[in-house]
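Peer 1: Structure supplied as entry-v2.cif; contents: mmCIF, C-alpha atoms.
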data_run
#
loop_
_atom_site.group_PDB
_atom_site.id
_atom_site.type_symbol
_atom_site.label_atom_id
_atom_site.label_comp_id
_atom_site.auth_asym_id
_atom_site.auth_seq_id
_atom_site.Cartn_x
_atom_site.Cartn_y
_atom_site.Cartn_z
ATOM 1 C CA MET Z 1 35.586 4.774 -27.593
ATOM 2 C CA THR Z 2 34.230 6.265 -30.768
ATOM 3 C CA ARG Z 3 31.381 8.709 -31.052
ATOM 4 C CA GLU Z 4 29.124 6.038 -32.628
ATOM 5 C CA THR Z 5 29.731 3.661 -29.717
ATOM 6 C CA GLU Z 6 28.837 6.383 -27.174
ATOM 7 C CA VAL Z 7 25.621 7.243 -29.000
ATOM 8 C CA GLY Z 8 24.661 3.545 -29.296
ATOM 9 C CA GLU Z 9 25.278 2.900 -25.585
ATOM 10 C CA THR Z 10 23.252 5.972 -24.594
ATOM 11 C CA ARG Z 11 20.370 4.880 -26.813
ATOM 12 C CA ASN Z 12 20.460 1.329 -25.403
ATOM 13 C CA ALA Z 13 20.526 2.654 -21.827
ATOM 14 C CA ARG Z 14 17.443 4.781 -22.459
ATOM 15 C CA ALA Z 15 15.534 1.965 -24.110
ATOM 16 C CA GLY Z 16 15.852 -0.491 -21.224
ATOM 17 C CA GLY Z 17 13.637 -0.702 -18.118
ATOM 18 C CA PHE Z 18 13.970 2.002 -15.537
ATOM 19 C CA VAL Z 19 16.920 3.846 -17.019
ATOM 20 C CA GLY Z 20 16.286 7.362 -18.226
ATOM 21 C CA ARG Z 21 13.002 9.221 -18.541
ATOM 22 C CA GLY Z 22 10.797 6.358 -17.362
ATOM 23 C CA PHE Z 23 12.660 6.192 -14.052
ATOM 24 C CA VAL Z 24 12.382 9.947 -13.572
ATOM 25 C CA ALA Z 25 8.673 9.850 -14.453
ATOM 26 C CA ALA Z 26 8.026 7.004 -11.996
ATOM 27 C CA THR Z 27 9.952 8.787 -9.238
ATOM 28 C CA LEU Z 28 8.101 12.064 -9.810
ATOM 29 C CA LEU Z 29 4.793 10.197 -9.899
ATOM 30 C CA LEU Z 30 5.482 8.591 -6.516
ATOM 31 C CA VAL Z 31 6.667 11.858 -4.939
ATOM 32 C CA ALA Z 32 3.649 13.763 -6.288
ATOM 33 C CA THR Z 33 1.297 11.044 -5.028
ATOM 34 C CA ALA Z 34 2.845 11.164 -1.557
ATOM 35 C CA VAL Z 35 2.536 14.962 -1.508
ATOM 36 C CA VAL Z 36 -1.124 14.809 -2.583
ATOM 37 C CA TRP Z 37 -2.044 12.225 0.060
ATOM 38 C CA TRP Z 38 0.109 13.538 2.925
ATOM 39 C CA PRO Z 39 -2.600 15.886 4.354
ATOM 40 C CA VAL Z 40 -4.919 12.883 4.774
ATOM 41 C CA LEU Z 41 -2.441 11.428 7.246
ATOM 42 C CA ARG Z 42 -2.966 14.370 9.609
ATOM 43 C CA SER Z 43 -6.640 13.538 10.050
ATOM 44 C CA GLY Z 44 -6.172 10.701 12.529
ATOM 45 C CA PRO Z 45 -8.401 7.645 12.880
ATOM 46 C CA ILE Z 46 -11.852 7.696 11.271
ATOM 47 C CA THR Z 47 -15.102 5.912 12.304
ATOM 48 C CA ASP Z 48 -14.338 2.163 12.240
ATOM 49 C CA ASP Z 49 -10.680 2.791 12.963
ATOM 50 C CA HIS Z 50 -11.480 3.461 16.622
ATOM 51 C CA HIS Z 51 -12.947 -0.035 16.960
ATOM 52 C CA PHE Z 52 -9.922 -1.493 15.159
ATOM 53 C CA LEU Z 53 -7.483 0.366 17.420
ATOM 54 C CA LYS Z 54 -9.380 -0.821 20.514
ATOM 55 C CA ILE Z 55 -9.110 -4.447 19.386
ATOM 56 C CA ALA Z 56 -5.467 -3.925 18.437
ATOM 57 C CA HIS Z 57 -4.747 -2.378 21.830
ATOM 58 C CA ASP Z 58 -6.337 -5.353 23.584
ATOM 59 C CA LEU Z 59 -4.324 -7.793 21.459
ATOM 60 C CA VAL Z 60 -1.041 -5.987 21.995
ATOM 61 C CA ARG Z 61 -1.688 -5.744 25.736
ATOM 62 C CA MET Z 62 -2.550 -9.448 25.767
ATOM 63 C CA ASP Z 63 0.724 -10.223 23.973
ATOM 64 C CA GLU Z 64 2.709 -8.088 26.428
ATOM 65 C CA ASP Z 65 1.202 -10.057 29.311
ATOM 66 C CA ARG Z 66 2.504 -13.276 27.753
ATOM 67 C CA GLY Z 67 5.892 -11.759 27.004
ATOM 68 C CA ALA Z 68 5.793 -12.770 23.342
ATOM 69 C CA ALA Z 69 3.946 -11.770 20.202
ATOM 70 C CA ARG Z 70 1.408 -14.335 19.002
ATOM 71 C CA LEU Z 71 0.119 -13.401 15.591
ATOM 72 C CA GLY Z 72 -2.275 -16.356 15.538
ATOM 73 C CA ASP Z 73 -4.502 -14.521 18.040
ATOM 74 C CA TRP Z 74 -5.490 -12.133 15.238
ATOM 75 C CA PHE Z 75 -7.201 -15.016 13.450
ATOM 76 C CA ALA Z 76 -8.882 -16.241 16.605
ATOM 77 C CA ILE Z 77 -10.335 -12.877 17.588
ATOM 78 C CA TRP Z 78 -11.236 -11.359 14.220
ATOM 79 C CA GLY Z 79 -12.141 -14.690 12.669
ATOM 80 C CA ALA Z 80 -14.824 -15.050 15.320
ATOM 81 C CA GLY Z 81 -16.157 -11.568 14.653
ATOM 82 C CA ALA Z 82 -14.622 -9.635 17.565
ATOM 83 C CA ASP Z 83 -17.339 -9.385 20.214
ATOM 84 C CA GLU Z 84 -20.029 -7.034 18.920
ATOM 85 C CA GLY Z 85 -19.308 -8.016 15.325
ATOM 86 C CA ALA Z 86 -20.125 -11.613 16.190
ATOM 87 C CA ALA Z 87 -23.382 -10.493 17.802
ATOM 88 C CA ARG Z 88 -24.349 -8.840 14.505
ATOM 89 C CA GLY Z 89 -23.222 -11.854 12.475
ATOM 90 C CA HIS Z 90 -20.254 -10.103 10.812
ATOM 91 C CA ARG Z 91 -17.075 -12.003 10.121
ATOM 92 C CA PHE Z 92 -13.767 -10.361 9.315
ATOM 93 C CA TYR Z 93 -11.529 -13.150 8.071
ATOM 94 C CA ARG Z 94 -8.932 -11.627 5.778
ATOM 95 C CA PRO Z 95 -5.663 -13.341 6.663
ATOM 96 C CA VAL Z 96 -3.243 -11.266 4.576
ATOM 97 C CA VAL Z 97 -4.775 -7.992 5.766
ATOM 98 C CA LEU Z 98 -4.819 -9.134 9.374
ATOM 99 C CA GLN Z 99 -1.237 -10.317 9.259
ATOM 100 C CA SER Z 100 -0.091 -7.078 7.622
ATOM 101 C CA HIS Z 101 -1.758 -5.128 10.425
ATOM 102 C CA ALA Z 102 -0.343 -7.455 13.055
ATOM 103 C CA LEU Z 103 3.182 -7.153 11.724
ATOM 104 C CA GLN Z 104 2.919 -3.380 11.433
ATOM 105 C CA LEU Z 105 1.504 -3.031 14.945
ATOM 106 C CA TRP Z 106 4.289 -5.230 16.255
ATOM 107 C CA TRP Z 107 6.837 -3.043 14.456
ATOM 108 C CA THR Z 108 5.418 0.482 14.915
ATOM 109 C CA GLY Z 109 3.108 0.235 17.921
ATOM 110 C CA LEU Z 110 -0.457 1.438 18.351
ATOM 111 C CA ALA Z 111 -0.168 4.968 16.970
ATOM 112 C CA SER Z 112 -2.598 5.551 14.105
ATOM 113 C CA ARG Z 113 -0.284 7.629 11.904
ATOM 114 C CA PRO Z 114 2.180 4.781 11.123
ATOM 115 C CA LEU Z 115 -0.773 2.583 10.154
ATOM 116 C CA MET Z 116 -2.028 5.263 7.776
ATOM 117 C CA ILE Z 117 1.484 5.716 6.370
ATOM 118 C CA GLY Z 118 1.512 1.953 5.778
ATOM 119 C CA ASN Z 119 -1.690 2.298 3.735
ATOM 120 C CA LEU Z 120 -0.100 5.137 1.763
ATOM 121 C CA LEU Z 121 3.015 3.056 1.054
ATOM 122 C CA ILE Z 122 0.861 0.198 -0.211
ATOM 123 C CA HIS Z 123 -1.043 2.699 -2.407
ATOM 124 C CA LEU Z 124 2.295 3.983 -3.746
ATOM 125 C CA ALA Z 125 3.293 0.401 -4.598
ATOM 126 C CA GLY Z 126 0.006 -0.013 -6.465
ATOM 127 C CA THR Z 127 0.560 3.291 -8.274
ATOM 128 C CA LEU Z 128 4.016 2.198 -9.399
ATOM 129 C CA GLY Z 129 2.494 -1.091 -10.554
ATOM 130 C CA VAL Z 130 -0.142 0.742 -12.615
ATOM 131 C CA PHE Z 131 2.590 2.874 -14.201
ATOM 132 C CA LEU Z 132 4.643 -0.211 -15.115
ATOM 133 C CA LEU Z 133 1.569 -2.072 -16.340
ATOM 134 C CA ALA Z 134 0.696 0.843 -18.621
ATOM 135 C CA ARG Z 135 4.239 0.801 -19.984
ATOM 136 C CA ARG Z 136 4.557 -2.942 -20.438
ATOM 137 C CA ALA Z 137 1.088 -4.298 -21.161
ATOM 138 C CA ALA Z 138 -0.380 -1.342 -23.023
ATOM 139 C CA GLY Z 139 2.932 -0.305 -24.570
ATOM 140 C CA LEU Z 140 2.452 3.349 -23.631
ATOM 141 C CA ARG Z 141 5.334 5.789 -23.611
ATOM 142 C CA TRP Z 142 6.506 7.171 -20.288
ATOM 143 C CA ARG Z 143 4.374 10.343 -20.513
ATOM 144 C CA ALA Z 144 1.138 8.477 -21.161
ATOM 145 C CA ALA Z 145 1.992 5.857 -18.537
ATOM 146 C CA ALA Z 146 2.710 8.629 -16.001
ATOM 147 C CA LEU Z 147 -0.682 10.181 -16.806
ATOM 148 C CA VAL Z 148 -2.431 6.823 -16.284
ATOM 149 C CA GLY Z 149 -0.543 6.388 -13.006
ATOM 150 C CA ALA Z 150 -1.421 9.919 -11.874
ATOM 151 C CA LEU Z 151 -5.108 9.410 -12.675
ATOM 152 C CA PHE Z 152 -5.087 6.209 -10.662
ATOM 153 C CA ALA Z 153 -3.071 7.692 -7.782
ATOM 154 C CA THR Z 154 -5.322 10.707 -7.290
ATOM 155 C CA SER Z 155 -8.643 9.025 -8.025
ATOM 156 C CA PRO Z 156 -11.379 9.900 -5.543
ATOM 157 C CA LEU Z 157 -12.027 6.154 -5.216
ATOM 158 C CA ALA Z 158 -8.669 5.812 -3.454
ATOM 159 C CA VAL Z 159 -9.548 8.158 -0.577
ATOM 160 C CA GLU Z 160 -11.201 5.535 1.609
ATOM 161 C CA PRO Z 161 -8.508 2.840 1.262
ATOM 162 C CA VAL Z 162 -5.711 5.309 1.986
ATOM 163 C CA ALA Z 163 -7.426 7.255 4.783
ATOM 164 C CA TRP Z 164 -9.008 4.384 6.726
ATOM 165 C CA ILE Z 165 -6.761 2.104 8.703
ATOM 166 C CA CYS Z 166 -9.355 -0.676 8.455
ATOM 167 C CA ASP Z 167 -9.646 -0.485 4.671
ATOM 168 C CA ARG Z 168 -6.210 -1.861 3.914
ATOM 169 C CA SER Z 169 -7.804 -4.815 2.113
ATOM 170 C CA ASP Z 170 -8.565 -2.672 -0.957
ATOM 171 C CA THR Z 171 -5.051 -1.320 -1.320
ATOM 172 C CA LEU Z 172 -3.424 -4.691 -0.674
ATOM 173 C CA SER Z 173 -5.621 -6.568 -3.138
ATOM 174 C CA LEU Z 174 -5.052 -3.945 -5.800
ATOM 175 C CA ALA Z 175 -1.282 -3.865 -5.247
ATOM 176 C CA PHE Z 176 -1.034 -7.665 -5.372
ATOM 177 C CA GLY Z 177 -3.267 -7.846 -8.443
ATOM 178 C CA VAL Z 178 -1.450 -5.136 -10.372
ATOM 179 C CA TRP Z 179 1.975 -6.521 -9.522
ATOM 180 C CA ALA Z 180 0.862 -9.997 -10.598
ATOM 181 C CA LEU Z 181 -0.112 -8.527 -13.976
ATOM 182 C CA VAL Z 182 3.172 -6.614 -14.205
ATOM 183 C CA TRP Z 183 5.034 -9.842 -13.461
ATOM 184 C CA SER Z 184 3.026 -11.773 -16.043
ATOM 185 C CA TYR Z 185 3.811 -9.182 -18.718
ATOM 186 C CA GLY Z 186 7.471 -9.317 -17.580
#
Mind turning this structure into structure tokens?
Peer 2:
Amino acid sequence: MTRETEVGETRNARAGGFVGRGFVAATLLLVATAVVWWPVLRSGPITDDHHFLKIAHDLVRMDEDRGAARLGDWFAIWGAGADEGAARGHRFYRPVVLQSHALQLWWTGLASRPLMIGNLLIHLAGTLGVFLLARRAAGLRWRAAALVGALFATSPLAVEPVAWICDRSDTLSLAFGVWALVWSYG
């Protein structure tokens, strides 16, 4: 292999997708975001989360009595407003959010920390999507895209969706929306 071939291959490897500096920047962005948000996970459930965990506990106990998990019960109970919510006229019908909670509760149990870690992982997916969207759609270099991703990741507006177990709808909708745009700019 000649020197020119080696230089050409190195240049081509750096220009494509996640190879090179962009991959390192994305990895550092995700690690830094996790480090910034990790103290929030020590706080435990907040306000509405107690109500959510009570409903979740009742559902999981109900499923244990039957001997099988029935995810459809999440629609029946929360779709109707879950007792006092129905008395106030509130409806909580968000099927993707409810199913994500149901699957995570089935997998990790009723502890609040795994649910909060799930919210953080969804936020990290959204952060990576923002980084890629800045690179692909806006055509920014890796440094500028990492800055856009960092501003999004540490925005004060993201505190509630990451810290509250019940507020997963914001992080999920953002992650799905951003990744749909990333896919469309393919």
Peer 1: Could you tell me, as a compact mmCIF listing (two decimals) with C-alpha atoms, in the frame of the given file, exactly which residues end up selected when the PyMOL selection byres ((chain Z and resi 105) around 10) is applied to this structure?
Peer 2:
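Generated output (expr-v7.txt):
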# COMPACT_ATOMS: atom_id res chain seq x y z
CA LEU Z 53 -7.48 0.37 17.42
CA ALA Z 56 -5.47 -3.92 18.44
CA HIS Z 57 -4.75 -2.38 21.83
CA LEU Z 59 -4.32 -7.79 21.46
CA VAL Z 60 -1.04 -5.99 22.00
CA GLN Z 99 -1.24 -10.32 9.26
CA SER Z 100 -0.09 -7.08 7.62
CA HIS Z 101 -1.76 -5.13 10.42
CA ALA Z 102 -0.34 -7.46 13.06
CA LEU Z 103 3.18 -7.15 11.72
CA GLN Z 104 2.92 -3.38 11.43
CA TRP Z 106 4.29 -5.23 16.26
CA TRP Z 107 6.84 -3.04 14.46
CA THR Z 108 5.42 0.48 14.92
CA GLY Z 109 3.11 0.24 17.92
CA LEU Z 110 -0.46 1.44 18.35
CA ALA Z 111 -0.17 4.97 16.97
CA SER Z 112 -2.60 5.55 14.10
CA PRO Z 114 2.18 4.78 11.12
CA LEU Z 115 -0.77 2.58 10.15
Peer 1: Give the answer as one residue: which of Z:Arg135, Z:Arg42, Z:Arg21, Z:His123 has the shortest atom-to-atom distance to Thr154 (chain Z), using all atoms listed in the file?
Peer 2: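 Closest residue, counting all atoms listed in the file: Z:His123.
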Peer 1: Contacts of Thr33 (chain Z) at 10 Å or less, counting only C-alpha atoms, minus same-chain residues fewer than 3 places along, as number ranges by chain?
Peer 2: Z: 27-30, 36-38, 120, 123-124, 127, 149-150, 152-154
Peer 1: Name every residue that the PyMOL selection byres ((chain Z and resi 163) around 7) selects in this structure, writing the answer as a ChimeraX atom specification with chains first and numbers rising.
Peer 2: /Z:40-41,116,159-162,164-165
Peer 1: How many Å separate CA of Leu121 (chain Z) from CA of Arg141 (chain Z)?
Peer 2: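 So the two atoms, CA of Leu121 (chain Z) and CA of Arg141 (chain Z), lie 24.9 Å apart.
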Peer 1: Using all atoms of region 129-142 of chain Z listed in the file and a margin of 5 Å per side, can you give the axis-aligned box centre and edge lengths in Å to one decimal, as lines of an AutoDock Vina configuration file?
Peer 2:
center_x = 3.1
center_y = 1.4
center_z = -17.6
size_x = 16.9
size_y = 21.5
size_z = 24.0
Peer 1: One decimal, Å: what's the distance from CA of Ala134 (chain Z) over to CA of Phe23 (chain Z), could you say?
Peer 2: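 Pair CA of Ala134 (chain Z) / CA of Phe23 (chain Z) returns 13.9 Å.
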Peer 1: How many Å lie between CA of Val130 (chain Z) and CA of Pro45 (chain Z), rounded to one decimal?
Peer 2: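 Those two atoms sit 27.7 Å apart.
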Peer 1: Find the residues near Ser184 (chain Z): any atom within 12 Å, counting only C-alpha atoms, skip ones fewer than 5 places away on the same chain, and give them as a PDB file with C-alpha atoms, in the coordinates of the input.
Peer 2:
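This is the output file result_22.pdb:
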ATOM      1  CA  LEU Z 132       4.643  -0.211 -15.115  1.00  0.00           C
ATOM      2  CA  LEU Z 133       1.569  -2.072 -16.340  1.00  0.00           C
ATOM      3  CA  ARG Z 136       4.557  -2.942 -20.438  1.00  0.00           C
ATOM      4  CA  ALA Z 137       1.088  -4.298 -21.161  1.00  0.00           C
ATOM      5  CA  GLY Z 177      -3.267  -7.846  -8.443  1.00  0.00           C
ATOM      6  CA  VAL Z 178      -1.450  -5.136 -10.372  1.00  0.00           C
ATOM      7  CA  TRP Z 179       1.975  -6.521  -9.522  1.00  0.00           C
TER       8      TRP Z 179
END
Peer 1: Taking into account all atoms listed in the file, which residue in the set Z:Val35, Z:Leu128, Z:Cys166, Z:Ile46 is nearest to Val148 (chain Z)?
Peer 2: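 When distances to Val148 (chain Z) are compared using all atoms listed in the file, the smallest one comes from Z:Leu128.
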Peer 1: Under the PyMOL selection byres ((chain Z and resi 171) around 9), which residues of this model are included? Write them out as a VMD selection string.
Peer 2: chain Z and resid 119 to 120 122 to 123 126 158 161 to 162 167 to 170 172 to 176
